[in-house]
Amino acid sequence: MQTEFTGVLERTKTTRLDKNEVAAQEKQNGVDVLDLTPSQLRAFRWNELSIVFQSAMNALNPVMDIGTQIMDVLAAHQSGRSEQARKQRAGELLRLVGISPDRLRSYPHELSGGMRQRVVIAIALALNPEVIIMDEPTTALDVVVQREILDLISSLCKETGTALIFITHDLSLLLELVDRVAVMYAGKLVEVASRSDFYDHPRHPYSYGLMNSFPTLHGPRHKMSGIPGSPPDLRNIPAGCPFHERCPFAFDACREQVPRLRVAVAGEDEQVAACHLYNPRHRPTIPAASDLARGYAAQLEEGRSVR
Ligand code: SF4
């Protein structure tokens, strides 16, 4: 299963990934990471869940060769393995990500950006974790290398059966790579849906705005609306729905009550959105995509004053 977190700014997706949301995610596998002791957490990390950070150059230690860095993970978590076995495994991991094991003694500065990112992916795969979190793993790479890395990630996850949580703001990547999409705004999940549901009919106004902010190569031409304004200051999130100052559909309840994730359309249980438009207590009818489009178009024309 590959899930993607998306949102406009890094800080809204990553730094504010709410502790409870992380816990809820892990509880699905029967583990609440917030309840683990430091030593349990140390064992959990990398064995069960590993992470690939955004900037490979910063993620790797510049004064250690890459072989030592891969073997470090194995030494920390599999102390029973001999040095020779660790070296052999490090070579296998490099081969897995398309780098010759001859490069084990190379330092990060001797590798290209794409190779460094592959090394970081190899380290993340070292212990065959159940889940890998990838935080914008291709941001610093040119588009050709990006494509190679994404193909690699996709095939490795299929090959190893590893689940992937992919954090990005790049919607075109998102729709190619993942099975399920989770959209975040101001540090909270605002919509969760399968890729096809999200693509065909994003329900949350923010999701709709995101989808309508980039051009498509196929289909009829349409005017892109974008999303006026900026995300809120996370130290001072507005009351009620955090999106209300930018939302073309905001009404009184939006300024007072925080919307909770709920099934957007009865019978489509796989798609949930945190929006009062889908709460029958506030709105008896479900807005169609054309209503969302009209709302954004009207906002664009009026040049409504937003933050
Ligand atoms: S709850 Fe209100 S302000 Fe928030 S996204 Fe829905 S309609 Fe817009």
# chains A, B, ... in the order shown; residues from 1 in each chain; ligands from 1

$ closest_atom_pairs --of "chain A" --to "ligand 1" --cutoff "9 Å" --atoms "only C-alpha atoms and all ligand atoms" --output "JSON lines"
{"residue": "A:Val190", "atom": "CA", "partner": "ligand 1", "partner_atom_place_in_ligand_line": "5 (S)", "distance": 8.3}
{"residue": "A:His204", "atom": "CA", "partner": "ligand 1", "partner_atom_place_in_ligand_line": "5 (S)", "distance": 6.0}
{"residue": "A:Pro205", "atom": "CA", "partner": "ligand 1", "partner_atom_place_in_ligand_line": "5 (S)", "distance": 5.2}
{"residue": "A:Tyr206", "atom": "CA", "partner": "ligand 1", "partner_atom_place_in_ligand_line": "5 (S)", "distance": 6.4}
{"residue": "A:Gly240", "atom": "CA", "partner": "ligand 1", "partner_atom_place_in_ligand_line": "1 (S)", "distance": 7.8}
{"residue": "A:Cys241", "atom": "CA", "partner": "ligand 1", "partner_atom_place_in_ligand_line": "4 (Fe)", "distance": 4.6}
{"residue": "A:Pro242", "atom": "CA", "partner": "ligand 1", "partner_atom_place_in_ligand_line": "4 (Fe)", "distance": 6.7}
{"residue": "A:Phe243", "atom": "CA", "partner": "ligand 1", "partner_atom_place_in_ligand_line": "4 (Fe)", "distance": 5.1}
{"residue": "A:His244", "atom": "CA", "partner": "ligand 1", "partner_atom_place_in_ligand_line": "3 (S)", "distance": 3.5}
{"residue": "A:Glu245", "atom": "CA", "partner": "ligand 1", "partner_atom_place_in_ligand_line": "3 (S)", "distance": 7.1}
{"residue": "A:Arg246", "atom": "CA", "partner": "ligand 1", "partner_atom_place_in_ligand_line": "3 (S)", "distance": 7.5}
{"residue": "A:Cys247", "atom": "CA", "partner": "ligand 1", "partner_atom_place_in_ligand_line": "8 (Fe)", "distance": 4.7}
{"residue": "A:Pro248", "atom": "CA", "partner": "ligand 1", "partner_atom_place_in_ligand_line": "8 (Fe)", "distance": 6.7}
{"residue": "A:Phe249", "atom": "CA", "partner": "ligand 1", "partner_atom_place_in_ligand_line": "7 (S)", "distance": 4.6}
{"residue": "A:Ala250", "atom": "CA", "partner": "ligand 1", "partner_atom_place_in_ligand_line": "3 (S)", "distance": 4.0}
{"residue": "A:Phe251", "atom": "CA", "partner": "ligand 1", "partner_atom_place_in_ligand_line": "2 (Fe)", "distance": 6.1}
{"residue": "A:Asp252", "atom": "CA", "partner": "ligand 1", "partner_atom_place_in_ligand_line": "2 (Fe)", "distance": 8.2}
{"residue": "A:Ala253", "atom": "CA", "partner": "ligand 1", "partner_atom_place_in_ligand_line": "2 (Fe)", "distance": 7.1}
{"residue": "A:Cys254", "atom": "CA", "partner": "ligand 1", "partner_atom_place_in_ligand_line": "2 (Fe)", "distance": 4.2}
{"residue": "A:Arg255", "atom": "CA", "partner": "ligand 1", "partner_atom_place_in_ligand_line": "3 (S)", "distance": 7.1}
{"residue": "A:Gln257", "atom": "CA", "partner": "ligand 1", "partner_atom_place_in_ligand_line": "1 (S)", "distance": 8.2}
{"residue": "A:Val258", "atom": "CA", "partner": "ligand 1", "partner_atom_place_in_ligand_line": "1 (S)", "distance": 7.4}
{"residue": "A:Pro259", "atom": "CA", "partner": "ligand 1", "partner_atom_place_in_ligand_line": "1 (S)", "distance": 5.7}
{"residue": "A:Arg260", "atom": "CA", "partner": "ligand 1", "partner_atom_place_in_ligand_line": "1 (S)", "distance": 8.9}
{"residue": "A:Ala273", "atom": "CA", "partner": "ligand 1", "partner_atom_place_in_ligand_line": "6 (Fe)", "distance": 8.7}
{"residue": "A:Ala274", "atom": "CA", "partner": "ligand 1", "partner_atom_place_in_ligand_line": "1 (S)", "distance": 6.7}
{"residue": "A:Cys275", "atom": "CA", "partner": "ligand 1", "partner_atom_place_in_ligand_line": "6 (Fe)", "distance": 3.6}
{"residue": "A:His276", "atom": "CA", "partner": "ligand 1", "partner_atom_place_in_ligand_line": "1 (S)", "distance": 4.2}
{"residue": "A:Leu277", "atom": "CA", "partner": "ligand 1", "partner_atom_place_in_ligand_line": "7 (S)", "distance": 5.3}
{"residue": "A:Tyr278", "atom": "CA", "partner": "ligand 1", "partner_atom_place_in_ligand_line": "6 (Fe)", "distance": 7.9}

$ write_last_selection --atoms "N, CA, C and O atoms" --output "compact mmCIF listing (two decimals), in the first residue's frame"
# COMPACT_ATOMS: atom_id res chain seq x y z
N VAL A 190 -7.14 16.68 5.99
CA VAL A 190 -8.44 17.24 5.60
C VAL A 190 -9.17 16.34 4.61
O VAL A 190 -10.37 16.50 4.40
N HIS A 204 -12.84 17.85 -0.55
CA HIS A 204 -12.56 19.03 0.29
C HIS A 204 -12.23 20.22 -0.62
O HIS A 204 -11.51 20.06 -1.61
N PRO A 205 -12.74 21.41 -0.30
CA PRO A 205 -12.44 22.57 -1.16
C PRO A 205 -10.94 22.81 -1.35
O PRO A 205 -10.51 23.23 -2.42
N TYR A 206 -10.15 22.53 -0.32
CA TYR A 206 -8.69 22.71 -0.48
C TYR A 206 -8.15 21.71 -1.50
O TYR A 206 -7.34 22.06 -2.36
N GLY A 240 -12.18 27.47 14.28
CA GLY A 240 -13.05 26.76 13.34
C GLY A 240 -12.22 26.01 12.32
O GLY A 240 -11.16 25.46 12.63
N CYS A 241 -12.68 26.01 11.08
CA CYS A 241 -11.93 25.33 10.02
C CYS A 241 -10.69 26.17 9.68
O CYS A 241 -10.82 27.36 9.36
N PRO A 242 -9.49 25.58 9.72
CA PRO A 242 -8.29 26.38 9.47
C PRO A 242 -8.22 26.94 8.05
O PRO A 242 -7.45 27.84 7.77
N PHE A 243 -9.07 26.42 7.16
CA PHE A 243 -9.05 26.87 5.76
C PHE A 243 -10.06 27.98 5.50
O PHE A 243 -10.14 28.51 4.40
N HIS A 244 -10.85 28.37 6.53
CA HIS A 244 -12.01 29.21 6.23
C HIS A 244 -11.66 30.58 5.64
O HIS A 244 -12.42 31.14 4.87
N GLU A 245 -10.47 31.11 5.97
CA GLU A 245 -10.15 32.44 5.45
C GLU A 245 -9.87 32.43 3.95
O GLU A 245 -9.86 33.46 3.31
N ARG A 246 -9.64 31.26 3.41
CA ARG A 246 -9.33 31.16 1.97
C ARG A 246 -10.41 30.43 1.20
O ARG A 246 -10.32 30.30 -0.02
N CYS A 247 -11.40 29.93 1.90
CA CYS A 247 -12.35 29.03 1.27
C CYS A 247 -13.52 29.80 0.66
O CYS A 247 -14.16 30.61 1.33
N PRO A 248 -13.83 29.57 -0.62
CA PRO A 248 -14.94 30.29 -1.24
C PRO A 248 -16.31 29.85 -0.71
O PRO A 248 -17.31 30.48 -1.04
N PHE A 249 -16.36 28.79 0.07
CA PHE A 249 -17.65 28.26 0.53
C PHE A 249 -17.88 28.49 2.02
O PHE A 249 -18.85 27.99 2.57
N ALA A 250 -16.97 29.21 2.67
CA ALA A 250 -17.06 29.34 4.14
C ALA A 250 -18.39 29.97 4.55
O ALA A 250 -18.88 30.90 3.92
N PHE A 251 -18.99 29.40 5.59
CA PHE A 251 -20.20 29.98 6.17
C PHE A 251 -20.02 30.03 7.68
O PHE A 251 -18.93 29.71 8.18
N ASP A 252 -21.04 30.44 8.40
CA ASP A 252 -20.87 30.75 9.83
C ASP A 252 -20.22 29.61 10.62
O ASP A 252 -19.29 29.83 11.39
N ALA A 253 -20.72 28.38 10.42
CA ALA A 253 -20.21 27.26 11.21
C ALA A 253 -18.71 27.07 10.99
O ALA A 253 -17.98 26.64 11.89
N CYS A 254 -18.24 27.41 9.78
CA CYS A 254 -16.82 27.20 9.46
C CYS A 254 -15.92 28.07 10.34
O CYS A 254 -14.78 27.73 10.60
N ARG A 255 -16.44 29.21 10.75
CA ARG A 255 -15.62 30.12 11.55
C ARG A 255 -15.65 29.75 13.03
O ARG A 255 -14.90 30.28 13.82
N GLN A 257 -16.67 26.14 14.31
CA GLN A 257 -16.50 24.71 14.66
C GLN A 257 -15.43 24.06 13.79
O GLN A 257 -15.42 24.25 12.58
N VAL A 258 -14.57 23.28 14.46
CA VAL A 258 -13.55 22.54 13.71
C VAL A 258 -14.21 21.34 13.04
O VAL A 258 -14.83 20.53 13.72
N PRO A 259 -14.13 21.22 11.71
CA PRO A 259 -14.75 20.05 11.07
C PRO A 259 -13.94 18.79 11.31
O PRO A 259 -12.71 18.84 11.38
N ARG A 260 -14.63 17.68 11.49
CA ARG A 260 -13.95 16.38 11.68
C ARG A 260 -14.03 15.59 10.39
O ARG A 260 -14.95 15.78 9.59
N ALA A 273 -13.63 13.49 4.32
CA ALA A 273 -13.18 14.88 4.23
C ALA A 273 -13.57 15.61 5.50
O ALA A 273 -14.63 15.33 6.08
N ALA A 274 -12.72 16.53 5.93
CA ALA A 274 -13.03 17.34 7.12
C ALA A 274 -13.59 18.67 6.64
O ALA A 274 -12.86 19.65 6.47
N CYS A 275 -14.89 18.68 6.38
CA CYS A 275 -15.50 19.88 5.82
C CYS A 275 -16.99 19.90 6.18
O CYS A 275 -17.68 18.89 6.01
N HIS A 276 -17.47 21.04 6.66
CA HIS A 276 -18.89 21.14 7.06
C HIS A 276 -19.85 21.00 5.88
O HIS A 276 -21.03 20.77 6.08
N LEU A 277 -19.34 21.16 4.66
CA LEU A 277 -20.23 21.01 3.50
C LEU A 277 -20.81 19.60 3.43
O LEU A 277 -21.84 19.37 2.81
N TYR A 278 -20.10 18.65 4.06
CA TYR A 278 -20.56 17.25 4.00
C TYR A 278 -21.25 16.82 5.29
O TYR A 278 -21.48 15.64 5.51

$ closest_residue --among "A:Arg45, A:His282, A:His169, A:Lys188" --to "A:Leu234" --atoms "only C-alpha atoms"
A:Lys188

$ atom_distance --atom1 "atom CA of A:Ser194" --atom2 "atom CA of A:Glu136"
20.2 Å

$ select_by_dssp --residues "stretch 38-228 of chain A" --states "strand (DSSP E)" --output "list of chain:residue names"
A:Leu49, A:Ser50, A:Ile51, A:Val52, A:Val131, A:Ile132, A:Ile133, A:Met134, A:Asp135, A:Ala163, A:Leu164, A:Ile165, A:Phe166, A:Ile167, A:Thr168, A:Arg180, A:Val181, A:Ala182, A:Val183, A:Met184, A:Tyr185, A:Lys188, A:Leu189, A:Val190, A:Glu191, A:Val192, A:Ala193, A:Ser194

$ write_last_selection --atoms "N, CA and C atoms" --output "PDB file, in the first residue's frame"
ATOM      1  N   LEU A  49       9.942   0.621  10.713  1.00  0.00           N
ATOM      2  CA  LEU A  49       9.636   1.850   9.987  1.00  0.00           C
ATOM      3  C   LEU A  49      10.927   2.635   9.758  1.00  0.00           C
ATOM      4  N   SER A  50      11.206   2.963   8.517  1.00  0.00           N
ATOM      5  CA  SER A  50      12.407   3.763   8.252  1.00  0.00           C
ATOM      6  C   SER A  50      12.008   5.000   7.465  1.00  0.00           C
ATOM      7  N   ILE A  51      12.969   5.902   7.290  1.00  0.00           N
ATOM      8  CA  ILE A  51      12.629   7.178   6.647  1.00  0.00           C
ATOM      9  C   ILE A  51      13.721   7.589   5.666  1.00  0.00           C
ATOM     10  N   VAL A  52      13.286   8.161   4.564  1.00  0.00           N
ATOM     11  CA  VAL A  52      14.214   8.744   3.586  1.00  0.00           C
ATOM     12  C   VAL A  52      13.975  10.244   3.617  1.00  0.00           C
ATOM     13  N   VAL A 131       7.290  -0.413   6.763  1.00  0.00           N
ATOM     14  CA  VAL A 131       6.858   0.874   6.207  1.00  0.00           C
ATOM     15  C   VAL A 131       8.077   1.770   6.000  1.00  0.00           C
ATOM     16  N   ILE A 132       8.115   2.454   4.861  1.00  0.00           N
ATOM     17  CA  ILE A 132       9.137   3.496   4.667  1.00  0.00           C
ATOM     18  C   ILE A 132       8.418   4.824   4.473  1.00  0.00           C
ATOM     19  N   ILE A 133       8.875   5.846   5.208  1.00  0.00           N
ATOM     20  CA  ILE A 133       8.366   7.199   4.983  1.00  0.00           C
ATOM     21  C   ILE A 133       9.366   7.899   4.076  1.00  0.00           C
ATOM     22  N   MET A 134       8.895   8.441   2.975  1.00  0.00           N
ATOM     23  CA  MET A 134       9.786   9.197   2.088  1.00  0.00           C
ATOM     24  C   MET A 134       9.311  10.639   2.043  1.00  0.00           C
ATOM     25  N   ASP A 135      10.194  11.527   2.465  1.00  0.00           N
ATOM     26  CA  ASP A 135       9.830  12.939   2.539  1.00  0.00           C
ATOM     27  C   ASP A 135      10.441  13.664   1.344  1.00  0.00           C
ATOM     28  N   ALA A 163       5.388  -1.133   2.587  1.00  0.00           N
ATOM     29  CA  ALA A 163       4.411  -0.060   2.378  1.00  0.00           C
ATOM     30  C   ALA A 163       5.149   1.277   2.349  1.00  0.00           C
ATOM     31  N   LEU A 164       4.620   2.203   1.596  1.00  0.00           N
ATOM     32  CA  LEU A 164       5.302   3.489   1.421  1.00  0.00           C
ATOM     33  C   LEU A 164       4.378   4.634   1.815  1.00  0.00           C
ATOM     34  N   ILE A 165       4.900   5.523   2.663  1.00  0.00           N
ATOM     35  CA  ILE A 165       4.199   6.797   2.905  1.00  0.00           C
ATOM     36  C   ILE A 165       5.057   7.862   2.235  1.00  0.00           C
ATOM     37  N   PHE A 166       4.509   8.497   1.234  1.00  0.00           N
ATOM     38  CA  PHE A 166       5.281   9.403   0.390  1.00  0.00           C
ATOM     39  C   PHE A 166       4.786  10.827   0.637  1.00  0.00           C
ATOM     40  N   ILE A 167       5.666  11.688   1.134  1.00  0.00           N
ATOM     41  CA  ILE A 167       5.250  13.062   1.455  1.00  0.00           C
ATOM     42  C   ILE A 167       5.691  13.979   0.317  1.00  0.00           C
ATOM     43  N   THR A 168       4.758  14.711  -0.258  1.00  0.00           N
ATOM     44  CA  THR A 168       5.127  15.593  -1.367  1.00  0.00           C
ATOM     45  C   THR A 168       4.110  16.701  -1.543  1.00  0.00           C
ATOM     46  N   ARG A 180      -3.375   5.439  -2.212  1.00  0.00           N
ATOM     47  CA  ARG A 180      -4.265   6.304  -1.433  1.00  0.00           C
ATOM     48  C   ARG A 180      -3.596   7.649  -1.187  1.00  0.00           C
ATOM     49  N   VAL A 181      -4.418   8.686  -1.113  1.00  0.00           N
ATOM     50  CA  VAL A 181      -3.913  10.043  -0.943  1.00  0.00           C
ATOM     51  C   VAL A 181      -4.464  10.610   0.360  1.00  0.00           C
ATOM     52  N   ALA A 182      -3.601  11.244   1.147  1.00  0.00           N
ATOM     53  CA  ALA A 182      -4.049  11.941   2.353  1.00  0.00           C
ATOM     54  C   ALA A 182      -3.606  13.396   2.227  1.00  0.00           C
ATOM     55  N   VAL A 183      -4.554  14.307   2.220  1.00  0.00           N
ATOM     56  CA  VAL A 183      -4.232  15.727   2.044  1.00  0.00           C
ATOM     57  C   VAL A 183      -4.191  16.393   3.413  1.00  0.00           C
ATOM     58  N   MET A 184      -3.137  17.182   3.641  1.00  0.00           N
ATOM     59  CA  MET A 184      -3.025  17.888   4.918  1.00  0.00           C
ATOM     60  C   MET A 184      -3.112  19.385   4.702  1.00  0.00           C
ATOM     61  N   TYR A 185      -3.729  20.053   5.670  1.00  0.00           N
ATOM     62  CA  TYR A 185      -3.732  21.523   5.659  1.00  0.00           C
ATOM     63  C   TYR A 185      -3.546  21.988   7.091  1.00  0.00           C
ATOM     64  N   LYS A 188      -3.166  19.242   9.688  1.00  0.00           N
ATOM     65  CA  LYS A 188      -4.239  18.270   9.938  1.00  0.00           C
ATOM     66  C   LYS A 188      -4.638  17.593   8.636  1.00  0.00           C
ATOM     67  N   LEU A 189      -5.076  16.335   8.764  1.00  0.00           N
ATOM     68  CA  LEU A 189      -5.626  15.669   7.592  1.00  0.00           C
ATOM     69  C   LEU A 189      -6.961  16.308   7.250  1.00  0.00           C
ATOM     70  N   VAL A 190      -7.140  16.682   5.995  1.00  0.00           N
ATOM     71  CA  VAL A 190      -8.439  17.241   5.599  1.00  0.00           C
ATOM     72  C   VAL A 190      -9.171  16.341   4.608  1.00  0.00           C
ATOM     73  N   GLU A 191      -8.450  15.432   3.974  1.00  0.00           N
ATOM     74  CA  GLU A 191      -9.136  14.484   3.091  1.00  0.00           C
ATOM     75  C   GLU A 191      -8.280  13.230   2.946  1.00  0.00           C
ATOM     76  N   VAL A 192      -8.935  12.078   2.918  1.00  0.00           N
ATOM     77  CA  VAL A 192      -8.254  10.814   2.633  1.00  0.00           C
ATOM     78  C   VAL A 192      -9.111  10.080   1.610  1.00  0.00           C
ATOM     79  N   ALA A 193      -8.476   9.618   0.535  1.00  0.00           N
ATOM     80  CA  ALA A 193      -9.253   8.975  -0.534  1.00  0.00           C
ATOM     81  C   ALA A 193      -8.350   8.069  -1.345  1.00  0.00           C
ATOM     82  N   SER A 194      -8.971   7.166  -2.104  1.00  0.00           N
ATOM     83  CA  SER A 194      -8.173   6.391  -3.052  1.00  0.00           C
ATOM     84  C   SER A 194      -7.704   7.345  -4.147  1.00  0.00           C
TER      85      SER A 194
END

$ closest_residue --among "A:Ile123, A:Val178, A:Leu96, A:Leu210" --to "A:Ile66" --atoms "only C-alpha atoms"
A:Ile123

$ closest_residue --among "A:Arg294, A:His109, A:Arg235, A:Arg281" --to "A:Gly209" --atoms "only C-alpha atoms"
A:Arg294

$ select_by_dssp --residues "stretch 91-231 of chain A" --states "alpha helix (DSSP H)" --output "PyMOL selection string"
chain A and resi 91-96+113-125+143-160+171-177+195-200+205-211
